[in-house]
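Structure below is coords21.pdb: PDB, C-alpha atoms and all ligand atoms.
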```pdb
ATOM      1  CA  MET K   1      99.128 128.897  96.341
ATOM      2  CA  GLN K   2      98.694 132.344  97.834
ATOM      3  CA  THR K   3     101.875 134.386  98.379
ATOM      4  CA  LEU K   4     101.782 136.845 101.287
ATOM      5  CA  THR K   5     104.458 139.441 101.899
ATOM      6  CA  THR K   6     103.230 141.326 104.959
ATOM      7  CA  ILE K   7     102.646 140.184 108.522
ATOM      8  CA  GLN K   8      99.213 141.807 108.484
ATOM      9  CA  ALA K   9      98.096 139.997 105.305
ATOM     10  CA  LEU K  10      99.412 136.719 106.719
ATOM     11  CA  ARG K  11      97.540 137.182 110.004
ATOM     12  CA  GLU K  12      94.266 138.164 108.307
ATOM     13  CA  THR K  13      94.417 135.261 105.872
ATOM     14  CA  LEU K  14      95.288 132.624 108.467
ATOM     15  CA  ALA K  15      92.641 133.948 110.873
ATOM     16  CA  GLN K  16      90.064 132.921 108.264
ATOM     17  CA  GLN K  17      91.525 129.384 108.082
ATOM     18  CA  ARG K  18      91.483 129.134 111.870
ATOM     19  CA  THR K  19      87.879 130.381 112.083
ATOM     20  CA  ALA K  20      86.941 127.718 109.522
ATOM     21  CA  GLY K  21      88.384 125.148 111.953
ATOM     22  CA  GLN K  22      91.405 124.324 109.815
ATOM     23  CA  ARG K  23      94.631 123.011 111.291
ATOM     24  CA  ILE K  24      97.763 124.837 110.163
ATOM     25  CA  ALA K  25     101.234 123.389 109.609
ATOM     26  CA  LEU K  26     104.342 125.504 109.114
ATOM     27  CA  VAL K  27     107.483 124.665 107.137
ATOM     28  CA  PRO K  28     110.055 127.422 107.757
ATOM     29  CA  THR K  29     112.850 127.603 105.155
ATOM     30  CA  MET K  30     115.507 129.928 103.807
ATOM     31  CA  GLY K  31     114.526 129.072 100.212
ATOM     32  CA  ASN K  32     116.630 127.481  97.472
ATOM     33  CA  LEU K  33     114.276 124.583  97.950
ATOM     34  CA  HIS K  34     115.413 121.032  97.223
ATOM     35  CA  ALA K  35     113.630 117.694  97.452
ATOM     36  CA  GLY K  36     114.200 117.646 101.234
ATOM     37  CA  HIS K  37     112.180 120.849 101.696
ATOM     38  CA  ILE K  38     109.451 119.606  99.354
ATOM     39  CA  HIS K  39     109.279 116.393 101.370
ATOM     40  CA  LEU K  40     108.652 118.552 104.479
ATOM     41  CA  VAL K  41     105.784 120.326 102.674
ATOM     42  CA  GLU K  42     104.311 116.981 101.617
ATOM     43  CA  GLN K  43     104.630 115.592 105.138
ATOM     44  CA  ALA K  44     103.023 118.745 106.558
ATOM     45  CA  ARG K  45      99.857 117.845 104.657
ATOM     46  CA  HIS K  46      99.464 114.802 106.962
ATOM     47  CA  TYR K  47      99.244 117.110 109.987
ATOM     48  CA  ALA K  48      97.119 119.974 108.690
ATOM     49  CA  ASP K  49      94.486 121.298 106.310
ATOM     50  CA  ALA K  50      96.492 124.411 105.476
ATOM     51  CA  VAL K  51     100.245 124.244 104.809
ATOM     52  CA  VAL K  52     102.284 127.444 105.162
ATOM     53  CA  CYS K  53     105.863 127.599 103.900
ATOM     54  CA  THR K  54     108.040 130.587 104.741
ATOM     55  CA  ILE K  55     111.100 131.707 102.810
ATOM     56  CA  PHE K  56     113.336 134.121 104.685
ATOM     57  CA  VAL K  57     117.134 134.206 104.538
ATOM     58  CA  ASN K  58     117.558 135.186 108.164
ATOM     59  CA  PRO K  59     120.517 137.553 108.634
ATOM     60  CA  MET K  60     120.494 136.991 112.412
ATOM     61  CA  GLN K  61     121.692 133.402 112.081
ATOM     62  CA  PHE K  62     124.713 134.192 109.874
ATOM     63  CA  GLY K  63     128.072 135.185 111.376
ATOM     64  CA  PRO K  64     130.009 138.180 109.971
ATOM     65  CA  ASN K  65     132.246 135.970 107.797
ATOM     66  CA  GLU K  66     129.545 133.594 106.614
ATOM     67  CA  ASP K  67     127.665 133.221 103.333
ATOM     68  CA  LEU K  68     124.638 135.534 103.923
ATOM     69  CA  ASP K  69     125.158 137.540 100.703
ATOM     70  CA  ALA K  70     126.134 134.495  98.644
ATOM     71  CA  TYR K  71     123.294 132.339 100.025
ATOM     72  CA  PRO K  72     121.398 131.098  96.929
ATOM     73  CA  ARG K  73     118.119 132.938  96.271
ATOM     74  CA  THR K  74     115.934 131.187  93.703
ATOM     75  CA  LEU K  75     112.453 132.538  94.395
ATOM     76  CA  GLU K  76     110.746 131.775  91.071
ATOM     77  CA  LEU K  77     111.895 128.181  91.010
ATOM     78  CA  ASP K  78     110.971 127.804  94.690
ATOM     79  CA  GLN K  79     107.456 129.086  93.990
ATOM     80  CA  GLU K  80     107.042 126.590  91.129
ATOM     81  CA  LYS K  81     108.145 123.717  93.352
ATOM     82  CA  LEU K  82     105.823 124.780  96.160
ATOM     83  CA  ARG K  83     102.873 125.077  93.774
ATOM     84  CA  ALA K  84     103.595 121.585  92.439
ATOM     85  CA  ALA K  85     103.708 120.285  96.033
ATOM     86  CA  GLN K  86     100.321 121.930  96.657
ATOM     87  CA  CYS K  87     101.539 124.236  99.370
ATOM     88  CA  ASP K  88      98.651 126.551 100.311
ATOM     89  CA  PHE K  89     100.434 129.687 101.497
ATOM     90  CA  LEU K  90     103.902 131.125 100.986
ATOM     91  CA  PHE K  91     105.028 133.837 103.404
ATOM     92  CA  LEU K  92     107.879 135.984 102.129
ATOM     93  CA  PRO K  93     108.683 138.674 104.696
ATOM     94  CA  SER K  94     111.342 141.311 104.023
ATOM     95  CA  VAL K  95     114.272 141.933 106.385
ATOM     96  CA  ALA K  96     112.686 145.323 107.237
ATOM     97  CA  GLN K  97     109.455 143.596 108.320
ATOM     98  CA  MET K  98     111.257 141.054 110.447
ATOM     99  CA  TYR K  99     113.805 143.421 111.976
ATOM    100  CA  PRO K 100     112.368 146.959 111.642
ATOM    101  CA  LEU K 101     114.921 148.538 114.008
ATOM    102  CA  GLY K 102     117.834 146.417 112.818
ATOM    103  CA  LEU K 103     119.422 143.329 114.346
ATOM    104  CA  ALA K 104     121.266 145.082 117.172
ATOM    105  CA  GLN K 105     118.020 146.483 118.641
ATOM    106  CA  HIS K 106     116.087 143.238 118.425
ATOM    107  CA  THR K 107     115.056 140.952 121.290
ATOM    108  CA  VAL K 108     116.977 137.659 121.131
ATOM    109  CA  VAL K 109     115.708 134.217 122.098
ATOM    110  CA  SER K 110     118.522 132.172 123.590
ATOM    111  CA  VAL K 111     118.273 128.465 124.388
ATOM    112  CA  PRO K 112     121.023 127.579 126.885
ATOM    113  CA  GLY K 113     122.841 124.253 126.975
ATOM    114  CA  LEU K 114     121.800 122.682 123.708
ATOM    115  CA  SER K 115     122.930 125.748 121.714
ATOM    116  CA  SER K 116     126.438 125.925 123.074
ATOM    117  CA  GLY K 117     128.447 123.060 121.521
ATOM    118  CA  TYR K 118     129.058 121.776 117.987
ATOM    119  CA  CYS K 119     127.532 124.254 115.472
ATOM    120  CA  GLY K 120     126.881 126.676 118.343
ATOM    121  CA  ALA K 121     130.597 126.719 119.189
ATOM    122  CA  SER K 122     131.734 126.986 115.558
ATOM    123  CA  ARG K 123     129.079 129.567 114.655
ATOM    124  CA  PRO K 124     128.663 131.906 117.662
ATOM    125  CA  GLY K 125     125.182 133.463 117.750
ATOM    126  CA  HIS K 126     123.818 131.068 115.119
ATOM    127  CA  PHE K 127     121.245 129.341 117.318
ATOM    128  CA  GLU K 128     120.134 132.635 118.895
ATOM    129  CA  GLY K 129     119.374 133.779 115.352
ATOM    130  CA  VAL K 130     117.511 130.556 114.569
ATOM    131  CA  ALA K 131     115.515 130.539 117.841
ATOM    132  CA  THR K 132     114.606 134.214 117.428
ATOM    133  CA  VAL K 133     113.384 133.945 113.846
ATOM    134  CA  VAL K 134     111.544 130.667 114.444
ATOM    135  CA  SER K 135     109.809 132.172 117.506
ATOM    136  CA  LYS K 136     108.741 135.179 115.442
ATOM    137  CA  LEU K 137     107.434 132.952 112.646
ATOM    138  CA  PHE K 138     105.579 130.843 115.232
ATOM    139  CA  ASN K 139     103.961 134.012 116.627
ATOM    140  CA  MET K 140     103.010 135.248 113.167
ATOM    141  CA  VAL K 141     101.659 131.974 111.766
ATOM    142  CA  GLN K 142     100.458 130.400 115.047
ATOM    143  CA  PRO K 143     100.641 126.921 113.537
ATOM    144  CA  HIS K 144      99.398 123.760 115.220
ATOM    145  CA  SER K 145     102.529 121.962 114.037
ATOM    146  CA  ALA K 146     105.882 122.861 112.510
ATOM    147  CA  LEU K 147     108.173 120.563 110.551
ATOM    148  CA  PHE K 148     111.980 120.605 110.488
ATOM    149  CA  GLY K 149     114.502 118.371 108.731
ATOM    150  CA  LEU K 150     116.614 116.206 111.013
ATOM    151  CA  LYS K 151     119.778 116.907 109.012
ATOM    152  CA  ASP K 152     119.982 119.924 111.318
ATOM    153  CA  TYR K 153     119.675 117.703 114.385
ATOM    154  CA  GLN K 154     121.063 120.241 116.866
ATOM    155  CA  GLN K 155     118.733 122.917 115.452
ATOM    156  CA  PHE K 156     115.798 120.522 115.910
ATOM    157  CA  LYS K 157     116.727 119.897 119.567
ATOM    158  CA  VAL K 158     117.162 123.637 120.209
ATOM    159  CA  ILE K 159     113.718 124.386 118.741
ATOM    160  CA  GLN K 160     112.116 121.517 120.679
ATOM    161  CA  LYS K 161     113.528 122.920 123.937
ATOM    162  CA  MET K 162     112.543 126.490 123.078
ATOM    163  CA  VAL K 163     108.943 125.392 122.458
ATOM    164  CA  ALA K 164     108.866 123.445 125.721
ATOM    165  CA  ASP K 165     110.500 126.220 127.788
ATOM    166  CA  LEU K 166     108.318 128.998 126.354
ATOM    167  CA  CYS K 167     105.111 126.885 126.441
ATOM    168  CA  GLN K 168     104.526 127.505 122.751
ATOM    169  CA  PRO K 169     101.480 125.355 121.849
ATOM    170  CA  ILE K 170     103.073 123.799 118.761
ATOM    171  CA  ASP K 171     103.954 120.211 117.834
ATOM    172  CA  VAL K 172     107.529 120.246 116.588
ATOM    173  CA  ILE K 173     107.996 117.404 114.119
ATOM    174  CA  GLY K 174     111.399 116.159 112.977
ATOM    175  CA  VAL K 175     111.466 114.645 109.498
ATOM    176  CA  PRO K 176     114.245 112.185 108.504
ATOM    177  CA  THR K 177     117.024 113.528 106.298
ATOM    178  CA  GLN K 178     116.480 113.136 102.574
ATOM    179  CA  ARG K 179     119.543 111.888 100.702
ATOM    180  CA  GLU K 180     120.899 111.570  97.194
ATOM    181  CA  PRO K 181     121.230 107.954  95.935
ATOM    182  CA  SER K 182     124.933 108.219  96.935
ATOM    183  CA  GLY K 183     123.889 108.869 100.564
ATOM    184  CA  LEU K 184     124.880 112.562 100.557
ATOM    185  CA  ALA K 185     122.368 114.517 102.674
ATOM    186  CA  LEU K 186     120.354 117.030 100.631
ATOM    187  CA  SER K 187     121.360 120.586 101.508
ATOM    188  CA  SER K 188     121.146 123.966  99.814
ATOM    189  CA  ARG K 189     124.908 124.264 100.394
ATOM    190  CA  ASN K 190     125.548 121.208  98.138
ATOM    191  CA  GLY K 191     125.018 123.703  95.313
ATOM    192  CA  TYR K 192     128.402 125.244  96.196
ATOM    193  CA  LEU K 193     130.185 121.912  95.500
ATOM    194  CA  SER K 194     131.829 120.969  92.182
ATOM    195  CA  THR K 195     130.927 117.544  90.732
ATOM    196  CA  GLU K 196     134.235 116.221  92.023
ATOM    197  CA  GLN K 197     133.695 117.649  95.539
ATOM    198  CA  LYS K 198     130.170 116.241  95.623
ATOM    199  CA  ALA K 199     131.519 112.763  94.906
ATOM    200  CA  LYS K 200     134.106 113.147  97.701
ATOM    201  CA  ALA K 201     131.499 114.523 100.123
ATOM    202  CA  VAL K 202     129.816 111.109 100.354
ATOM    203  CA  ALA K 203     132.641 110.296 102.802
ATOM    204  CA  LEU K 204     130.738 112.257 105.477
ATOM    205  CA  ILE K 205     127.791 109.836 105.719
ATOM    206  CA  GLN K 206     130.095 106.865 105.050
ATOM    207  CA  THR K 207     132.252 107.887 108.021
ATOM    208  CA  LEU K 208     129.179 108.300 110.231
ATOM    209  CA  GLN K 209     128.054 104.801 109.241
ATOM    210  CA  TRP K 210     131.507 103.366 109.872
ATOM    211  CA  ALA K 211     131.605 105.059 113.302
ATOM    212  CA  SER K 212     128.196 103.774 114.394
ATOM    213  CA  GLU K 213     129.174 100.236 113.424
ATOM    214  CA  ALA K 214     132.516 100.514 115.255
ATOM    215  CA  LEU K 215     130.729 101.747 118.402
ATOM    216  CA  LEU K 216     128.188  98.923 118.210
ATOM    217  CA  GLN K 217     131.097  96.481 118.020
ATOM    218  CA  GLY K 218     132.486  97.916 121.265
ATOM    219  CA  ALA K 219     135.107 100.428 120.127
ATOM    220  CA  SER K 220     135.659 103.349 122.499
ATOM    221  CA  ILE K 221     134.129 106.742 121.733
ATOM    222  CA  ASP K 222     137.492 108.558 121.881
ATOM    223  CA  GLU K 223     139.073 106.081 119.489
ATOM    224  CA  VAL K 224     136.147 106.223 117.049
ATOM    225  CA  GLU K 225     136.035 110.036 117.047
ATOM    226  CA  ALA K 226     139.779 110.274 116.408
ATOM    227  CA  GLN K 227     139.750 107.676 113.621
ATOM    228  CA  ALA K 228     136.658 109.189 112.015
ATOM    229  CA  LYS K 229     138.346 112.604 111.775
ATOM    230  CA  GLN K 230     141.352 110.896 110.197
ATOM    231  CA  ARG K 231     139.091 109.192 107.627
ATOM    232  CA  LEU K 232     137.539 112.559 106.795
ATOM    233  CA  VAL K 233     140.977 114.093 106.269
ATOM    234  CA  VAL K 234     141.909 111.227 103.922
ATOM    235  CA  ALA K 235     138.687 111.963 101.980
ATOM    236  CA  GLU K 236     139.877 115.606 101.631
ATOM    237  CA  PHE K 237     137.516 117.034 104.227
ATOM    238  CA  LYS K 238     138.726 119.451 106.887
ATOM    239  CA  PRO K 239     136.796 118.228 109.962
ATOM    240  CA  ASP K 240     135.164 120.809 112.236
ATOM    241  CA  TYR K 241     133.715 118.374 114.778
ATOM    242  CA  PHE K 242     132.803 114.689 114.882
ATOM    243  CA  SER K 243     131.167 113.941 118.219
ATOM    244  CA  VAL K 244     129.294 111.015 119.686
ATOM    245  CA  CYS K 245     126.516 112.398 121.906
ATOM    246  CA  ASP K 246     123.521 111.495 123.990
ATOM    247  CA  ALA K 247     120.698 111.867 121.450
ATOM    248  CA  ASP K 248     118.536 113.867 123.878
ATOM    249  CA  SER K 249     120.899 116.103 125.845
ATOM    250  CA  LEU K 250     123.654 116.254 123.184
ATOM    251  CA  GLU K 251     126.103 115.818 126.048
ATOM    252  CA  ALA K 252     128.800 113.148 126.232
ATOM    253  CA  PRO K 253     127.019 109.799 126.655
ATOM    254  CA  SER K 254     127.365 107.880 129.901
ATOM    255  CA  PRO K 255     127.994 104.111 129.684
ATOM    256  CA  GLN K 256     124.234 103.665 130.317
ATOM    257  CA  THR K 257     123.100 105.963 127.480
ATOM    258  CA  LYS K 258     121.234 103.911 124.866
ATOM    259  CA  ALA K 259     120.075 106.585 122.384
ATOM    260  CA  LEU K 260     123.076 108.069 120.592
ATOM    261  CA  VAL K 261     123.606 110.553 117.826
ATOM    262  CA  ILE K 262     126.872 111.259 116.064
ATOM    263  CA  LEU K 263     127.036 114.899 114.983
ATOM    264  CA  ALA K 264     129.504 115.890 112.286
ATOM    265  CA  ALA K 265     130.541 119.052 110.476
ATOM    266  CA  ALA K 266     133.376 119.291 107.980
ATOM    267  CA  TRP K 267     134.656 121.587 105.264
ATOM    268  CA  MET K 268     134.868 120.413 101.665
ATOM    269  CA  GLY K 269     136.864 123.263 100.154
ATOM    270  CA  LYS K 270     134.997 126.440 101.107
ATOM    271  CA  THR K 271     131.734 124.630 101.858
ATOM    272  CA  ARG K 272     130.831 123.584 105.379
ATOM    273  CA  LEU K 273     128.615 120.476 105.414
ATOM    274  CA  ILE K 274     126.835 118.903 108.383
ATOM    275  CA  ASP K 275     125.266 115.502 108.842
ATOM    276  CA  ASN K 276     124.424 113.131 111.693
ATOM    277  CA  LEU K 277     123.471 109.573 112.467
ATOM    278  CA  ARG K 278     121.044 108.641 115.227
ATOM    279  CA  PHE K 279     121.075 105.058 116.538
ATOM    280  CA  ASP K 280     120.497 102.979 119.666
ATOM    281  CA  ARG K 281     123.010 100.680 121.320
TER     282      ARG K 281
HETATM  283  O1  LIG K 301     116.868 125.294 108.724
HETATM  284  C1  LIG K 301     116.693 126.401 108.174
HETATM  285  O2  LIG K 301     116.540 126.504 106.947
HETATM  286  C2  LIG K 301     116.701 127.655 109.032
HETATM  287  O3  LIG K 301     117.614 127.554 110.080
HETATM  288  C3  LIG K 301     115.308 128.020 109.564
HETATM  289  C4  LIG K 301     114.758 126.966 110.499
HETATM  290  C5  LIG K 301     114.353 128.218 108.393
HETATM  291  C6  LIG K 301     115.377 129.341 110.351
HETATM  292  O4  LIG K 301     115.832 130.384 109.552
END
```

Starting from the file, give its structure as structure tokens.
Ligand code: PAF
Amino acid sequence: MQTLTTIQALRETLAQQRTAGQRIALVPTMGNLHAGHIHLVEQARHYADAVVCTIFVNPMQFGPNEDLDAYPRTLELDQEKLRAAQCDFLFLPSVAQMYPLGLAQHTVVSVPGLSSGYCGASRPGHFEGVATVVSKLFNMVQPHSALFGLKDYQQFKVIQKMVADLCQPIDVIGVPTQREPSGLALSSRNGYLSTEQKAKAVALIQTLQWASEALLQGASIDEVEAQAKQRLVVAEFKPDYFSVCDADSLEAPSPQTKALVILAAAWMGKTRLIDNLRFDR
């Protein structure tokens, strides 16, 4: 695996792959790689000859009171995992390369509608930060395809819309959430949880499963959302949101909507976890 730290080196190297007719797939990450990220790298191989992973803890997508400084940075371990997964290129830009004039002076990519609710409401500016950095990485790498985990379902929809609206010639591929045997979705933020909290956190996916079954049996959305939040409280979560949505628009479903997703975010102690469940009725 070749590690590149400058935009120029990345461009020169990938130009050679492109000239050789190779297809390029991108897996953007913020590092602290777990089996979910490695699964994305392995899946990327099915779409491309050259797989590029990026590690950049993007300050633009963190709010002022969020965990930017505490966000786990485990570069050596990440590099070992990527080598074992046969990733071809690792791009590791610095904050100064990505935002040479600072965040306040930087152009922002904003995706209206899909960015506004749920995580967008709880984390103002978050999706602008994500859309901006992903656009920049797309422009630097110019991949044929890019892979994202569906645990961040709203992020996936925002990126899909950005690519469509800006006519970016990239296939955006959503890869199903990887889970622990308990059902807990893999996430870098699980590392903040104690063993006891991790055991309790399984209630998030269990509540999503309970809610989808209740809806399929005809329960009303309002009733299910209210009861689900109550279940989360009993499991010692502090719910942020638990919302049944149209899986495409992320708006409230109409009675005719078949494709649904339930989006959930909840605090276990000081750790905010998200998960979702996509199903048809
Ligand atoms: O999902 C993530 O890890 C980040 O939001 C992403 C897509 C790498 C952008 O910083």

With all atoms listed in the file counted, collect every polymer residue having an atom within 9 Å of ligand LIG 301 (chain K); state the result as an MDAnalysis selection string.
chainID K and resid 27:31 37 54:61 126:127 129:134 148:149 151:152 155:156 159 188

Select, from K:Pro181, K:Gly21, K:Gly269, K:Pro72, the residue with the minimum atom-to-atom distance to Leu33 of chain K, counting all atoms listed in the file.
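Closest candidate: K:Pro72.
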
Report as a PDB file with C-alpha atoms, in the frame of the given file all protein, DNA and RNA residues lying within 7 Å of Asp78 of chain K, evaluated on all atoms listed in the file, omitting residues in the same chain fewer than 2 positions from it.
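Result written to result.pdb:
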```pdb
ATOM      1  CA  GLY K  31     114.526 129.072 100.212  1.00  0.00           C
ATOM      2  CA  ASN K  32     116.630 127.481  97.472  1.00  0.00           C
ATOM      3  CA  LEU K  33     114.276 124.583  97.950  1.00  0.00           C
ATOM      4  CA  THR K  74     115.934 131.187  93.703  1.00  0.00           C
ATOM      5  CA  LEU K  75     112.453 132.538  94.395  1.00  0.00           C
ATOM      6  CA  GLU K  76     110.746 131.775  91.071  1.00  0.00           C
ATOM      7  CA  GLU K  80     107.042 126.590  91.129  1.00  0.00           C
ATOM      8  CA  LYS K  81     108.145 123.717  93.352  1.00  0.00           C
ATOM      9  CA  LEU K  82     105.823 124.780  96.160  1.00  0.00           C
TER      10      LEU K  82
END
```

Between atom CA of Met268 of chain K and atom CA of Ala199 of chain K - distance in Å to one decimal:
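Atom CA of Ala199 of chain K sits 10.7 Å away from atom CA of Met268 of chain K.
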
How many Å lie between atom CA of Ala259 of chain K and atom CA of Pro239 of chain K, rounded to one decimal?
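We find that atom CA of Ala259 of chain K and atom CA of Pro239 of chain K lie 23.9 Å from each other.
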
Interatomic distance (Å, one decimal) between atom CA of Met162 of chain K and atom CA of Val111 of chain K:
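Atom CA of Val111 of chain K lies 6.2 Å from atom CA of Met162 of chain K.
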
Take the PyMOL selection byres (((chain K and resi 271) around 12) and not hetatm), run it mentally on this structure, and tell me the resulting residues as a PyMOL selection string.
chain K and resi 66-67+70-71+187-194+197-198+201+237-240+265-270+272-274

Residues from last step as file, C-alpha atoms, as a CSV table (one decimal), in the coordinates of the input:
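What landed in part_17.csv:
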```csv
chain,number,residue,atom,x,y,z
K,66,GLU,CA,129.5,133.6,106.6
K,67,ASP,CA,127.7,133.2,103.3
K,70,ALA,CA,126.1,134.5,98.6
K,71,TYR,CA,123.3,132.3,100.0
K,187,SER,CA,121.4,120.6,101.5
K,188,SER,CA,121.1,124.0,99.8
K,189,ARG,CA,124.9,124.3,100.4
K,190,ASN,CA,125.5,121.2,98.1
K,191,GLY,CA,125.0,123.7,95.3
K,192,TYR,CA,128.4,125.2,96.2
K,193,LEU,CA,130.2,121.9,95.5
K,194,SER,CA,131.8,121.0,92.2
K,197,GLN,CA,133.7,117.6,95.5
K,198,LYS,CA,130.2,116.2,95.6
K,201,ALA,CA,131.5,114.5,100.1
K,237,PHE,CA,137.5,117.0,104.2
K,238,LYS,CA,138.7,119.5,106.9
K,239,PRO,CA,136.8,118.2,110.0
K,240,ASP,CA,135.2,120.8,112.2
K,265,ALA,CA,130.5,119.1,110.5
K,266,ALA,CA,133.4,119.3,108.0
K,267,TRP,CA,134.7,121.6,105.3
K,268,MET,CA,134.9,120.4,101.7
K,269,GLY,CA,136.9,123.3,100.2
K,270,LYS,CA,135.0,126.4,101.1
K,272,ARG,CA,130.8,123.6,105.4
K,273,LEU,CA,128.6,120.5,105.4
K,274,ILE,CA,126.8,118.9,108.4
```

Once the PyMOL selection byres (((chain K and resi 263) around 6) and not hetatm) is applied to the coordinates I shared, what remains selected? I want it as a list in words.
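After applying the PyMOL selection byres (((chain K and resi 263) around 6) and not hetatm), what remains is Phe242, Ser243, Ile262, Ala264 and Asn276 of chain K.
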
Kindly indicate which residue among K:Ser249, K:Thr13, K:Thr207, K:Gln168 lies nearest to Asp88 of chain K, using only C-alpha atoms for the distances.
K:Thr13

Closest of K:Glu180, K:Glu12, K:Glu251, K:Glu128 to Ala35 of chain K - atom-to-atom distances counting all atoms listed in the file:
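Among K:Glu180, K:Glu12, K:Glu251, K:Glu128, it is K:Glu180 that comes nearest to Ala35 of chain K.
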
Assuming the chain letters and numbering stay as they are in my file, what does the PyMOL selection byres (((chain K and resi 52) around 8) and not hetatm) actually select? List them as a list in words.
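Taken on the displayed file, the PyMOL selection byres (((chain K and resi 52) around 8) and not hetatm) yields the residues Ile24, Ala25, Leu26, Val27, Ala50, Val51, Cys53, Thr54, Cys87, Asp88, Phe89, Leu90 and Phe91 of chain K.
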
Which residue gives the smallest distance to Cys167 of chain K among K:Thr3, K:Asn65, K:Gln105, K:Ser135, with all atoms listed in the file counted?
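Using all atoms listed in the file, Cys167 of chain K sits closest to K:Ser135.
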
Please provide the set of residues having any atom within 12 Å of Pro253 of chain K, restricted to all atoms listed in the file, with same-chain residues fewer than 2 positions apart removed, written as a list of chain:residue names.
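Counting all atoms listed in the file, the residues come to K:Ser220, K:Ile221, K:Asp222, K:Ser243, K:Val244, K:Cys245, K:Asp246, K:Ala247, K:Asp248, K:Ser249, K:Leu250, K:Glu251, K:Pro255, K:Gln256, K:Thr257, K:Lys258, K:Ala259, K:Leu260, K:Val261, K:Ile262, K:Asp280, K:Arg281.
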
Could you write out the selected residues, including C-alpha atoms, as a PDB file, in the frame of the given file?
```
ATOM      1  CA  SER K 220     135.659 103.349 122.499  1.00  0.00           C
ATOM      2  CA  ILE K 221     134.129 106.742 121.733  1.00  0.00           C
ATOM      3  CA  ASP K 222     137.492 108.558 121.881  1.00  0.00           C
ATOM      4  CA  SER K 243     131.167 113.941 118.219  1.00  0.00           C
ATOM      5  CA  VAL K 244     129.294 111.015 119.686  1.00  0.00           C
ATOM      6  CA  CYS K 245     126.516 112.398 121.906  1.00  0.00           C
ATOM      7  CA  ASP K 246     123.521 111.495 123.990  1.00  0.00           C
ATOM      8  CA  ALA K 247     120.698 111.867 121.450  1.00  0.00           C
ATOM      9  CA  ASP K 248     118.536 113.867 123.878  1.00  0.00           C
ATOM     10  CA  SER K 249     120.899 116.103 125.845  1.00  0.00           C
ATOM     11  CA  LEU K 250     123.654 116.254 123.184  1.00  0.00           C
ATOM     12  CA  GLU K 251     126.103 115.818 126.048  1.00  0.00           C
ATOM     13  CA  PRO K 255     127.994 104.111 129.684  1.00  0.00           C
ATOM     14  CA  GLN K 256     124.234 103.665 130.317  1.00  0.00           C
ATOM     15  CA  THR K 257     123.100 105.963 127.480  1.00  0.00           C
ATOM     16  CA  LYS K 258     121.234 103.911 124.866  1.00  0.00           C
ATOM     17  CA  ALA K 259     120.075 106.585 122.384  1.00  0.00           C
ATOM     18  CA  LEU K 260     123.076 108.069 120.592  1.00  0.00           C
ATOM     19  CA  VAL K 261     123.606 110.553 117.826  1.00  0.00           C
ATOM     20  CA  ILE K 262     126.872 111.259 116.064  1.00  0.00           C
ATOM     21  CA  ASP K 280     120.497 102.979 119.666  1.00  0.00           C
ATOM     22  CA  ARG K 281     123.010 100.680 121.320  1.00  0.00           C
TER      23      ARG K 281
END
```

Show me, as a CSV table (one decimal) with C-alpha atoms, in the frame of the given file, the residues that have an atom within 8 Å of segment 210-214 of chain K when counting all atoms listed in the file, minus same-chain residues fewer than 5 positions from it.
```csv
chain,number,residue,atom,x,y,z
K,219,ALA,CA,135.1,100.4,120.1
K,224,VAL,CA,136.1,106.2,117.0
K,225,GLU,CA,136.0,110.0,117.0
K,228,ALA,CA,136.7,109.2,112.0
K,262,ILE,CA,126.9,111.3,116.1
K,277,LEU,CA,123.5,109.6,112.5
K,279,PHE,CA,121.1,105.1,116.5
```

Looking at K:His39, K:Lys136, K:Arg179, K:Val172, which one is nearest to Tyr99 of chain K, with distances taken over all atoms listed in the file?
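Nearest candidate to Tyr99 of chain K out of K:His39, K:Lys136, K:Arg179, K:Val172: K:Lys136.
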